[in-house]
file structure-v6.cif (mmCIF, C-alpha atoms)
data_upload
loop_
_atom_site.group_PDB
_atom_site.id
_atom_site.type_symbol
_atom_site.label_atom_id
_atom_site.label_comp_id
_atom_site.auth_asym_id
_atom_site.auth_seq_id
_atom_site.Cartn_x
_atom_site.Cartn_y
_atom_site.Cartn_z
ATOM 1 C CA MET A 1 38.311 71.952 102.186
ATOM 2 C CA LYS A 2 38.208 75.300 103.916
ATOM 3 C CA ASN A 3 34.633 75.996 104.821
ATOM 4 C CA SER A 4 34.121 78.788 102.392
ATOM 5 C CA GLN A 5 31.832 79.138 99.422
ATOM 6 C CA LEU A 6 34.551 81.189 97.730
ATOM 7 C CA TYR A 7 36.899 78.200 97.636
ATOM 8 C CA LYS A 8 34.130 75.771 96.729
ATOM 9 C CA GLY A 9 33.151 77.896 93.751
ATOM 10 C CA SER A 10 36.721 77.838 92.472
ATOM 11 C CA LEU A 11 37.408 74.133 93.016
ATOM 12 C CA ASN A 12 36.825 73.094 89.411
ATOM 13 C CA THR A 13 39.138 75.824 88.161
ATOM 14 C CA ILE A 14 41.809 74.804 90.702
ATOM 15 C CA ILE A 15 41.589 71.176 89.520
ATOM 16 C CA MET A 16 41.714 72.137 85.866
ATOM 17 C CA LYS A 17 44.670 74.460 86.405
ATOM 18 C CA LEU A 18 46.607 71.704 88.204
ATOM 19 C CA LEU A 19 45.858 69.229 85.440
ATOM 20 C CA GLU A 20 46.910 71.764 82.839
ATOM 21 C CA GLU A 21 50.264 72.127 84.588
ATOM 22 C CA ASN A 22 50.875 68.488 85.499
ATOM 23 C CA GLY A 23 49.352 66.573 82.589
ATOM 24 C CA ARG A 24 47.607 63.813 84.492
ATOM 25 C CA MET A 25 46.994 63.375 88.205
ATOM 26 C CA TYR A 26 45.099 61.094 90.571
ATOM 27 C CA GLY A 27 42.797 62.238 93.362
ATOM 28 C CA TYR A 28 45.101 61.957 96.344
ATOM 29 C CA GLU A 29 47.899 63.625 94.375
ATOM 30 C CA ILE A 30 45.646 66.634 93.711
ATOM 31 C CA THR A 31 44.815 67.031 97.403
ATOM 32 C CA GLN A 32 48.503 66.876 98.342
ATOM 33 C CA LYS A 33 49.553 69.286 95.596
ATOM 34 C CA VAL A 34 46.981 71.849 96.712
ATOM 35 C CA LYS A 35 48.111 71.438 100.317
ATOM 36 C CA LEU A 36 51.724 71.934 99.266
ATOM 37 C CA ILE A 37 51.101 75.002 97.105
ATOM 38 C CA THR A 38 48.963 76.699 99.733
ATOM 39 C CA LYS A 39 51.345 75.654 102.535
ATOM 40 C CA GLY A 40 48.612 73.650 104.223
ATOM 41 C CA GLU A 41 46.089 76.494 104.135
ATOM 42 C CA LEU A 42 43.748 74.741 101.730
ATOM 43 C CA ASN A 43 42.806 71.158 102.435
ATOM 44 C CA ILE A 44 40.539 69.584 99.807
ATOM 45 C CA THR A 45 38.521 66.703 101.242
ATOM 46 C CA GLU A 46 37.584 63.657 99.182
ATOM 47 C CA GLY A 47 33.947 64.668 99.629
ATOM 48 C CA ALA A 48 34.603 67.826 97.641
ATOM 49 C CA LEU A 49 37.273 66.609 95.237
ATOM 50 C CA TYR A 50 35.911 63.374 93.778
ATOM 51 C CA PRO A 51 32.381 64.569 92.971
ATOM 52 C CA ALA A 52 33.984 67.582 91.269
ATOM 53 C CA LEU A 53 36.267 65.293 89.251
ATOM 54 C CA HIS A 54 33.349 63.054 88.276
ATOM 55 C CA LYS A 55 31.242 66.034 87.276
ATOM 56 C CA LEU A 56 34.052 67.406 85.100
ATOM 57 C CA GLU A 57 34.439 63.953 83.551
ATOM 58 C CA ALA A 58 30.683 63.723 82.907
ATOM 59 C CA ASP A 59 30.815 67.152 81.246
ATOM 60 C CA GLY A 60 33.516 65.883 78.905
ATOM 61 C CA LEU A 61 36.205 68.186 80.292
ATOM 62 C CA LEU A 62 38.299 65.393 81.794
ATOM 63 C CA ASP A 63 39.443 62.078 80.455
ATOM 64 C CA VAL A 64 40.299 59.051 82.567
ATOM 65 C CA GLU A 65 43.084 56.470 82.478
ATOM 66 C CA VAL A 66 43.147 53.531 84.885
ATOM 67 C CA GLU A 67 46.405 51.827 85.795
ATOM 68 C CA LYS A 68 47.449 49.210 88.298
ATOM 69 C CA VAL A 69 49.816 50.833 90.776
ATOM 70 C CA ASP A 70 51.089 49.208 93.989
ATOM 71 C CA ASN A 71 48.526 46.366 94.081
ATOM 72 C CA ARG A 72 45.549 48.602 93.383
ATOM 73 C CA LEU A 73 43.800 50.370 90.542
ATOM 74 C CA ARG A 74 44.528 54.050 90.203
ATOM 75 C CA LYS A 75 42.367 56.452 88.248
ATOM 76 C CA TYR A 76 44.282 59.257 86.557
ATOM 77 C CA TYR A 77 42.525 62.354 85.292
ATOM 78 C CA LYS A 78 43.677 64.535 82.428
ATOM 79 C CA LEU A 79 42.165 67.393 80.468
ATOM 80 C CA THR A 80 40.396 66.682 77.207
ATOM 81 C CA GLU A 81 40.771 69.044 74.272
ATOM 82 C CA SER A 82 37.613 70.901 75.267
ATOM 83 C CA GLY A 83 38.833 70.797 78.877
ATOM 84 C CA GLU A 84 42.011 72.626 77.866
ATOM 85 C CA LYS A 85 40.010 75.355 76.136
ATOM 86 C CA GLU A 86 37.646 75.594 79.081
ATOM 87 C CA THR A 87 40.583 75.923 81.499
ATOM 88 C CA VAL A 88 41.789 79.027 79.649
ATOM 89 C CA ASN A 89 38.297 80.549 79.828
ATOM 90 C CA ARG A 90 37.807 79.713 83.482
ATOM 91 C CA LEU A 91 41.206 81.032 84.500
ATOM 92 C CA ALA A 92 40.535 84.293 82.689
ATOM 93 C CA GLU A 93 37.165 84.464 84.408
ATOM 94 C CA LEU A 94 38.751 83.779 87.805
ATOM 95 C CA GLU A 95 41.405 86.450 87.242
ATOM 96 C CA ASP A 96 38.685 88.968 86.380
ATOM 97 C CA PHE A 97 36.793 87.930 89.478
ATOM 98 C CA ILE A 98 39.863 88.406 91.700
ATOM 99 C CA LYS A 99 40.549 91.809 90.125
ATOM 100 C CA ASN A 100 36.974 92.955 90.652
ATOM 101 C CA MET A 101 36.882 91.651 94.199
ATOM 102 C CA GLN A 102 40.135 93.401 94.974
ATOM 103 C CA SER A 103 38.749 96.650 93.576
ATOM 104 C CA LEU A 104 35.679 96.281 95.755
ATOM 105 C CA VAL A 105 37.403 95.157 98.938
ATOM 106 C CA THR A 106 40.425 97.483 98.743
ATOM 107 C CA PRO A 107 39.322 100.279 96.410
ATOM 108 C CA ASN A 108 42.506 102.314 96.905
ATOM 109 C CA VAL A 109 44.809 99.640 95.546
ATOM 110 C CA ASN A 110 44.991 99.363 91.774
ATOM 111 C CA PRO A 111 45.474 95.609 91.104
ATOM 112 C CA ASP A 112 47.242 96.321 87.786
ATOM 113 C CA LEU A 113 49.966 98.297 89.543
ATOM 114 C CA GLN A 114 50.524 95.899 92.392
ATOM 115 C CA TYR A 115 53.432 93.911 91.051
ATOM 116 C CA MET B 1 55.113 51.855 104.037
ATOM 117 C CA LYS B 2 53.633 50.217 100.956
ATOM 118 C CA VAL B 3 50.142 48.791 101.273
ATOM 119 C CA THR B 4 49.978 45.021 100.591
ATOM 120 C CA PRO B 5 47.257 43.247 98.531
ATOM 121 C CA GLU B 6 45.771 41.886 101.786
ATOM 122 C CA GLN B 7 45.542 45.402 103.178
ATOM 123 C CA ILE B 8 43.914 46.613 99.953
ATOM 124 C CA GLU B 9 41.311 43.911 100.492
ATOM 125 C CA LEU B 10 40.775 45.160 104.035
ATOM 126 C CA ILE B 11 40.139 48.698 102.757
ATOM 127 C CA ASP B 12 37.716 47.332 100.160
ATOM 128 C CA LYS B 13 35.831 45.344 102.787
ATOM 129 C CA ALA B 14 35.688 48.351 105.094
ATOM 130 C CA LEU B 15 34.141 50.400 102.279
ATOM 131 C CA ILE B 16 31.546 47.712 101.542
ATOM 132 C CA LYS B 17 30.725 47.611 105.242
ATOM 133 C CA ILE B 18 29.800 51.297 105.269
ATOM 134 C CA GLY B 19 27.613 50.889 102.191
ATOM 135 C CA ILE B 20 29.897 51.735 99.273
ATOM 136 C CA ASN B 21 28.879 48.920 96.959
ATOM 137 C CA TYR B 22 29.697 50.123 93.460
ATOM 138 C CA ALA B 23 33.050 48.799 92.256
ATOM 139 C CA ASP B 24 34.182 51.927 90.400
ATOM 140 C CA ILE B 25 33.637 54.097 93.489
ATOM 141 C CA ARG B 26 35.423 51.569 95.701
ATOM 142 C CA TYR B 27 38.446 51.361 93.368
ATOM 143 C CA GLU B 28 38.896 55.111 93.561
ATOM 144 C CA MET B 29 38.259 55.411 97.296
ATOM 145 C CA THR B 30 40.519 52.408 98.010
ATOM 146 C CA ASP B 31 43.380 54.089 96.173
ATOM 147 C CA HIS B 32 42.767 57.358 98.018
ATOM 148 C CA ILE B 33 42.683 55.699 101.443
ATOM 149 C CA ALA B 34 45.693 53.478 100.640
ATOM 150 C CA ALA B 35 47.696 56.518 99.491
ATOM 151 C CA ALA B 36 46.750 58.379 102.679
ATOM 152 C CA LEU B 37 47.620 55.424 104.931
ATOM 153 C CA GLU B 38 50.932 54.856 103.170
ATOM 154 C CA GLN B 39 52.078 58.127 104.694
ATOM 155 C CA LYS B 40 51.623 56.730 108.185
ATOM 156 C CA ASP B 41 53.818 54.389 110.179
ATOM 157 C CA GLY B 42 52.629 51.787 112.621
ATOM 158 C CA ARG B 43 49.779 49.301 112.620
ATOM 159 C CA PHE B 44 47.829 49.464 109.369
ATOM 160 C CA GLU B 45 44.574 48.079 110.784
ATOM 161 C CA HIS B 46 44.635 50.687 113.523
ATOM 162 C CA HIS B 47 45.081 53.545 111.033
ATOM 163 C CA LEU B 48 42.427 52.120 108.711
ATOM 164 C CA LYS B 49 39.895 51.873 111.516
ATOM 165 C CA GLY B 50 40.675 55.435 112.519
ATOM 166 C CA TYR B 51 40.376 56.699 108.956
ATOM 167 C CA ILE B 52 37.025 55.023 108.386
ATOM 168 C CA LEU B 53 35.667 56.240 111.727
ATOM 169 C CA GLN B 54 36.800 59.781 111.067
ATOM 170 C CA ASN B 55 35.622 59.948 107.453
ATOM 171 C CA LYS B 56 32.592 57.630 107.487
ATOM 172 C CA SER B 57 29.972 60.313 106.922
ATOM 173 C CA GLU B 58 32.137 62.099 104.340
ATOM 174 C CA LEU B 59 32.679 58.827 102.437
ATOM 175 C CA LYS B 60 28.965 58.038 102.500
ATOM 176 C CA LYS B 61 28.136 61.538 101.310
ATOM 177 C CA THR B 62 30.693 61.207 98.516
ATOM 178 C CA ASN B 63 29.197 57.851 97.551
ATOM 179 C CA ARG B 64 25.722 59.406 97.244
ATOM 180 C CA ARG B 65 27.057 62.270 95.157
ATOM 181 C CA PHE B 66 28.913 59.811 92.910
ATOM 182 C CA ILE B 67 25.669 57.916 92.329
ATOM 183 C CA PHE B 68 23.748 61.076 91.416
ATOM 184 C CA ILE B 69 26.447 62.224 89.009
ATOM 185 C CA ALA B 70 26.514 58.736 87.475
ATOM 186 C CA MET B 71 22.717 58.826 87.192
ATOM 187 C CA GLY B 72 22.939 62.099 85.304
ATOM 188 C CA ARG B 73 25.537 60.600 82.976
ATOM 189 C CA ALA B 74 23.430 57.488 82.428
ATOM 190 C CA TYR B 75 20.303 59.467 81.511
ATOM 191 C CA LYS B 76 22.260 61.865 79.311
ATOM 192 C CA LYS B 77 23.691 58.939 77.335
ATOM 193 C CA PHE B 78 20.239 57.326 77.229
ATOM 194 C CA PHE B 79 18.683 60.455 75.676
ATOM 195 C CA ILE B 80 21.572 60.866 73.227
ATOM 196 C CA ASN B 81 20.950 57.278 72.088
ATOM 197 C CA MET B 82 17.229 58.041 71.836
ATOM 198 C CA LEU B 83 17.986 60.803 69.359
ATOM 199 C CA LYS B 84 20.115 58.597 67.093
ATOM 200 C CA PRO B 85 18.640 57.649 63.684
ATOM 201 C CA TRP B 86 18.521 53.933 64.536
ATOM 202 C CA SER B 87 16.097 54.753 67.355
ATOM 203 C CA LEU B 88 13.656 56.022 64.770
ATOM 204 C CA VAL B 89 14.192 52.811 62.774
ATOM 205 C CA ILE B 90 13.453 50.675 65.888
ATOM 206 C CA PHE B 91 10.394 52.791 66.663
ATOM 207 C CA ALA B 92 9.055 52.519 63.112
ATOM 208 C CA ALA B 93 9.747 48.761 62.957
ATOM 209 C CA VAL B 94 7.972 48.030 66.277
ATOM 210 C CA PHE B 95 5.060 50.263 65.292
ATOM 211 C CA ALA B 96 4.662 48.557 61.930
ATOM 212 C CA LEU B 97 4.950 45.104 63.512
ATOM 213 C CA SER B 98 2.387 46.004 66.184
ATOM 214 C CA MET B 99 -0.058 47.255 63.563
ATOM 215 C CA LEU B 100 0.475 44.090 61.534
ATOM 216 C CA LEU B 101 -0.168 41.924 64.612
ATOM 217 C CA ILE B 102 -3.347 43.846 65.471
ATOM 218 C CA ARG B 103 -4.674 43.601 61.914
ATOM 219 C CA SER B 104 -3.772 39.905 61.583
ATOM 220 C CA PHE B 105 -4.790 38.498 64.977
ATOM 221 C CA GLY B 106 -7.183 41.040 66.442
ATOM 222 C CA ARG B 107 -6.424 43.715 69.010
ATOM 223 C CA GLU B 108 -6.878 41.568 72.115
ATOM 224 C CA ASN B 109 -4.523 38.790 70.937
ATOM 225 C CA ALA B 110 -2.000 41.286 69.615
ATOM 226 C CA ILE B 111 -1.956 43.169 72.928
ATOM 227 C CA MET B 112 -1.320 39.960 74.869
ATOM 228 C CA ALA B 113 1.436 38.930 72.412
ATOM 229 C CA LEU B 114 3.085 42.367 72.632
ATOM 230 C CA PHE B 115 2.715 42.467 76.419
ATOM 231 C CA TYR B 116 4.311 39.029 76.923
ATOM 232 C CA PHE B 117 7.022 39.850 74.417
ATOM 233 C CA PHE B 118 7.790 43.057 76.364
ATOM 234 C CA ILE B 119 7.957 41.155 79.680
ATOM 235 C CA ALA B 120 10.085 38.302 78.247
ATOM 236 C CA PHE B 121 12.405 40.727 76.458
ATOM 237 C CA ASN B 122 12.995 42.711 79.635
ATOM 238 C CA CYS B 123 13.423 39.652 81.838
ATOM 239 C CA LEU B 124 15.959 38.186 79.436
ATOM 240 C CA LEU B 125 18.029 41.339 79.072
ATOM 241 C CA SER B 126 17.778 42.269 82.741
ATOM 242 C CA THR B 127 19.176 38.932 83.903
ATOM 243 C CA PRO B 128 22.851 40.056 83.900
ATOM 244 C CA VAL B 129 21.895 43.259 85.756
ATOM 245 C CA ILE B 130 19.853 41.321 88.349
ATOM 246 C CA TYR B 131 22.712 38.819 88.719
ATOM 247 C CA LYS B 132 25.128 41.680 89.422
ATOM 248 C CA VAL B 133 22.761 43.161 92.014
ATOM 249 C CA LEU B 134 22.257 39.821 93.779
ATOM 250 C CA THR B 135 25.926 38.816 93.778
ATOM 251 C CA ARG B 136 27.129 42.415 94.275
ATOM 252 C CA LYS B 137 29.864 41.685 91.745
ATOM 253 C CA ASN B 138 31.140 44.289 89.302
ATOM 254 C CA GLN B 139 28.243 46.612 89.930
ATOM 255 C CA HIS B 140 29.099 50.120 88.856
ATOM 256 C CA SER B 141 27.557 53.433 89.782
ATOM 257 C CA LEU B 142 25.892 53.819 86.382
ATOM 258 C CA ASP B 143 23.737 50.722 87.014
ATOM 259 C CA PHE B 144 21.729 52.591 89.622
ATOM 260 C CA GLY B 145 20.178 55.100 87.214
ATOM 261 C CA PHE B 146 18.704 52.408 85.010
ATOM 262 C CA SER B 147 16.948 50.455 87.710
ATOM 263 C CA PHE B 148 14.144 53.037 87.682
ATOM 264 C CA ILE B 149 13.404 53.119 83.959
ATOM 265 C CA ASN B 150 12.211 49.507 83.849
ATOM 266 C CA LEU B 151 9.875 50.065 86.791
ATOM 267 C CA ILE B 152 8.543 53.293 85.302
ATOM 268 C CA ILE B 153 7.555 51.600 82.044
ATOM 269 C CA LEU B 154 6.517 48.286 83.588
ATOM 270 C CA TYR B 155 3.739 49.654 85.782
ATOM 271 C CA PRO B 156 1.734 51.501 83.100
ATOM 272 C CA THR B 157 2.247 48.589 80.706
ATOM 273 C CA ILE B 158 0.601 46.166 83.157
ATOM 274 C CA TYR B 159 -2.059 48.719 84.071
ATOM 275 C CA MET B 160 -2.872 49.521 80.464
ATOM 276 C CA VAL B 161 -3.494 45.956 79.276
ATOM 277 C CA ASP B 162 -7.198 46.150 80.178
ATOM 278 C CA TYR B 163 -7.548 49.730 79.041
ATOM 279 C CA GLN B 164 -6.036 48.969 75.646
ATOM 280 C CA THR B 165 -8.469 46.141 74.889
ATOM 281 C CA THR B 166 -11.550 48.213 75.700
ATOM 282 C CA ILE B 167 -11.006 51.898 75.040
ATOM 283 C CA ALA B 168 -7.939 52.704 73.004
ATOM 284 C CA ASN B 169 -7.823 52.368 69.246
ATOM 285 C CA ASP B 170 -5.358 50.262 67.239
ATOM 286 C CA MET B 171 -3.067 53.163 66.468
ATOM 287 C CA ILE B 172 -2.675 54.105 70.157
ATOM 288 C CA VAL B 173 -1.891 50.507 71.117
ATOM 289 C CA ALA B 174 0.773 50.223 68.403
ATOM 290 C CA LEU B 175 2.205 53.620 69.363
ATOM 291 C CA TYR B 176 2.325 52.681 73.043
ATOM 292 C CA TYR B 177 4.266 49.463 72.436
ATOM 293 C CA ALA B 178 6.560 51.178 69.950
ATOM 294 C CA VAL B 179 7.438 53.732 72.656
ATOM 295 C CA VAL B 180 7.911 51.312 75.582
ATOM 296 C CA LEU B 181 9.856 48.788 73.534
ATOM 297 C CA LEU B 182 12.023 51.577 72.141
ATOM 298 C CA ILE B 183 12.737 52.824 75.684
ATOM 299 C CA SER B 184 13.542 49.283 76.734
ATOM 300 C CA VAL B 185 15.847 48.581 73.777
ATOM 301 C CA ILE B 186 17.688 51.903 74.161
ATOM 302 C CA MET B 187 18.069 51.328 77.887
ATOM 303 C CA HIS B 188 19.673 47.924 77.328
ATOM 304 C CA ILE B 189 21.902 49.270 74.542
ATOM 305 C CA THR B 190 23.048 52.066 76.892
ATOM 306 C CA ILE B 191 23.707 49.570 79.713
ATOM 307 C CA TRP B 192 25.728 47.447 77.292
ATOM 308 C CA GLN B 193 27.744 50.495 76.150
ATOM 309 C CA PHE B 194 28.532 51.430 79.746
ATOM 310 C CA ASN B 195 29.457 47.846 80.672
ATOM 311 C CA ARG B 196 31.847 47.684 77.736
ATOM 312 C CA GLN B 197 33.410 51.011 78.737
ATOM 313 C CA PHE B 198 33.672 49.809 82.348
ATOM 314 C CA LYS B 199 35.358 46.544 81.311
ATOM 315 C CA LEU B 200 37.811 48.348 79.035
ATOM 316 C CA ARG B 201 38.639 50.851 81.749
ATOM 317 C CA TYR B 202 39.053 48.537 84.723
ATOM 318 C CA ASN B 203 39.917 45.159 83.217
ATOM 319 C CA GLY B 204 42.162 46.461 80.447
#
call {"tool": "encode", "arguments": {"input": "structure-v6.cif", "output": "structure tokens"}}
result
Amino acid sequence: MKNSQLYKGSLNTIIMKLLEENGRMYGYEITQKVKLITKGELNITEGALYPALHKLEADGLLDVEVEKVDNRLRKYYKLTESGEKETVNRLAELEDFIKNMQSLVTPNVNPDLQY
Amino acid sequence: MKVTPEQIELIDKALIKIGINYADIRYEMTDHIAAALEQKDGRFEHHLKGYILQNKSELKKTNRRFIFIAMGRAYKKFFINMLKPWSLVIFAAVFALSMLLIRSFGRENAIMALFYFFIAFNCLLSTPVIYKVLTRKNQHSLDFGFSFINLIILYPTIYMVDYQTTIANDMIVALYYAVVLLISVIMHITIWQFNRQFKLRYNG
């Protein structure tokens, strides 16, 4: 993952957003999806991804399904009911954060009028 | 290229070699590495060696973080079980039984009976866990967290045998054994719950 605390702090929200959009995903699939969306800019390492997934699972925000795929066991993650609610909250929080940061970094640009 | 069962075994062995012993962590890491290597052409063994060399420290770090998260989960579940009504029933039953033993056979005899019962009970229920550790079969990351609890309660129990016969009163002795046996029972119930969950998840 890009060596930045900003990205690290948003990792859980990124994972939850992807799971909200795709239903269920496995670890490697998440890393590749992030790489694809960010055009290779953001590379999530297994050292960052899996502990985050396990932590979210331990917090009851993710559920796990294990299936045998291509001679090996594959662990799929999906959002639980509370995970879905939490995703909405975290995304709103992240949007606020981006807005505030934009106001601070480029005070002359009004983020609401950008698009 | 698709990874064959033999190659999956090679990945698994490579993970064990760098110290990733817990099965649940290995299953997940094996799938990740296999998926990554499937994108590459050429000699599998060569790519695997390269992957492990390049990511060894990252994999080990991930393994440690997995264990700590699992430890947190194990203790959380342990404390949730402690707060269940049946815990209070176990506590009350052991306390009452301890008091009955002390009143019927004298404090010294009762303490020895309770102490040996505690040791035998733990040895018996820990056998599957010890077997898994020795054979390194089907060990999962949640096992790690529980290995400490037994040691934590075992030491004071041995140390307190003398103290209990001389200084403490009957009530304190009964209370002590009610607490340690409750901790022990809850720990084994929690281990059993996790083992069942693990079997359902990975063995269908």
call {"tool": "closest_residue", "arguments": {"input": "structure-v6.cif", "among": "B:Glu58, B:Glu38, B:Glu108, B:Asp12", "to": "Asp170 in chain B", "atoms": "all atoms listed in the file"}}
result
B:Glu108
call {"tool": "closest_residue", "arguments": {"input": "structure-v6.cif", "among": "B:Phe79, B:Val161, B:Gly72, B:His188", "to": "Ser126 in chain B", "atoms": "all atoms listed in the file"}}
result
B:His188
call {"tool": "interface_residues", "arguments": {"input": "structure-v6.cif", "of": "chain B", "to": "chain A", "cutoff": "10 Å", "atoms": "all atoms listed in the file", "output": "PyMOL selection string"}}
result
chain B and resi 2-9+24-36+55+57-70+72-74+76+200-204
call {"tool": "resolve_selection", "arguments": {"input": "structure-v6.cif", "expression": "the PyMOL selection byres ((chain A and resi 20) around 12)", "output": "list of chain:residue names"}}
result
A:Thr13, A:Ile14, A:Ile15, A:Met16, A:Lys17, A:Leu18, A:Leu19, A:Glu21, A:Asn22, A:Gly23, A:Arg24, A:Met25, A:Leu61, A:Leu62, A:Tyr77, A:Lys78, A:Leu79, A:Thr80, A:Glu81, A:Gly83, A:Glu84, A:Lys85, A:Glu86, A:Thr87, A:Val88, A:Leu91
call {"tool": "closest_residue", "arguments": {"input": "structure-v6.cif", "among": "B:Leu181, B:Ile52, B:Ile167, B:Ile90", "to": "Tyr116 in chain B", "atoms": "all atoms listed in the file"}}
result
B:Leu181
call {"tool": "atom_distance", "arguments": {"input": "structure-v6.cif", "atom1": "CA of Tyr177 in chain B", "atom2": "CA of Thr127 in chain B"}}
result
21.6 Å
call {"tool": "atom_distance", "arguments": {"input": "structure-v6.cif", "atom1": "CA of Tyr22 in chain B", "atom2": "CA of Thr135 in chain B"}}
result
11.9 Å
call {"tool": "atom_distance", "arguments": {"input": "structure-v6.cif", "atom1": "CA of Gly19 in chain B", "atom2": "CA of Leu134 in chain B"}}
result
14.9 Å
call {"tool": "axis_aligned_box", "arguments": {"input": "structure-v6.cif", "around": "range 135-150 of chain B", "padding_each_side": "5 Å", "output": "lines of an AutoDock Vina configuration file"}}
result
center_x = 21.7
center_y = 47.0
center_z = 89.1
size_x = 28.9
size_y = 26.3
size_z = 20.4
call {"tool": "residues_near_point", "arguments": {"input": "structure-v6.cif", "point": "(24.1, 47.6, 93.6)", "cutoff": "7 Å", "atoms": "all atoms listed in the file", "output": "PyMOL selection string"}}
result
chain B and resi 21-22+133+136+139+144
call {"tool": "closest_residue", "arguments": {"input": "structure-v6.cif", "among": "B:Leu142, B:Val179, B:Ile111, B:Leu48", "to": "Ala23 in chain B", "atoms": "only C-alpha atoms"}}
result
B:Leu142
call {"tool": "closest_residue", "arguments": {"input": "structure-v6.cif", "among": "A:Leu104, A:Leu36, A:Ile44, A:Ile30", "to": "Lys8 in chain A", "atoms": "only C-alpha atoms"}}
result
A:Ile44
call {"tool": "closest_residue", "arguments": {"input": "structure-v6.cif", "among": "B:Ser98, B:Asn122, B:Arg107, B:Ala178", "to": "Tyr163 in chain B", "atoms": "only C-alpha atoms"}}
result
B:Arg107
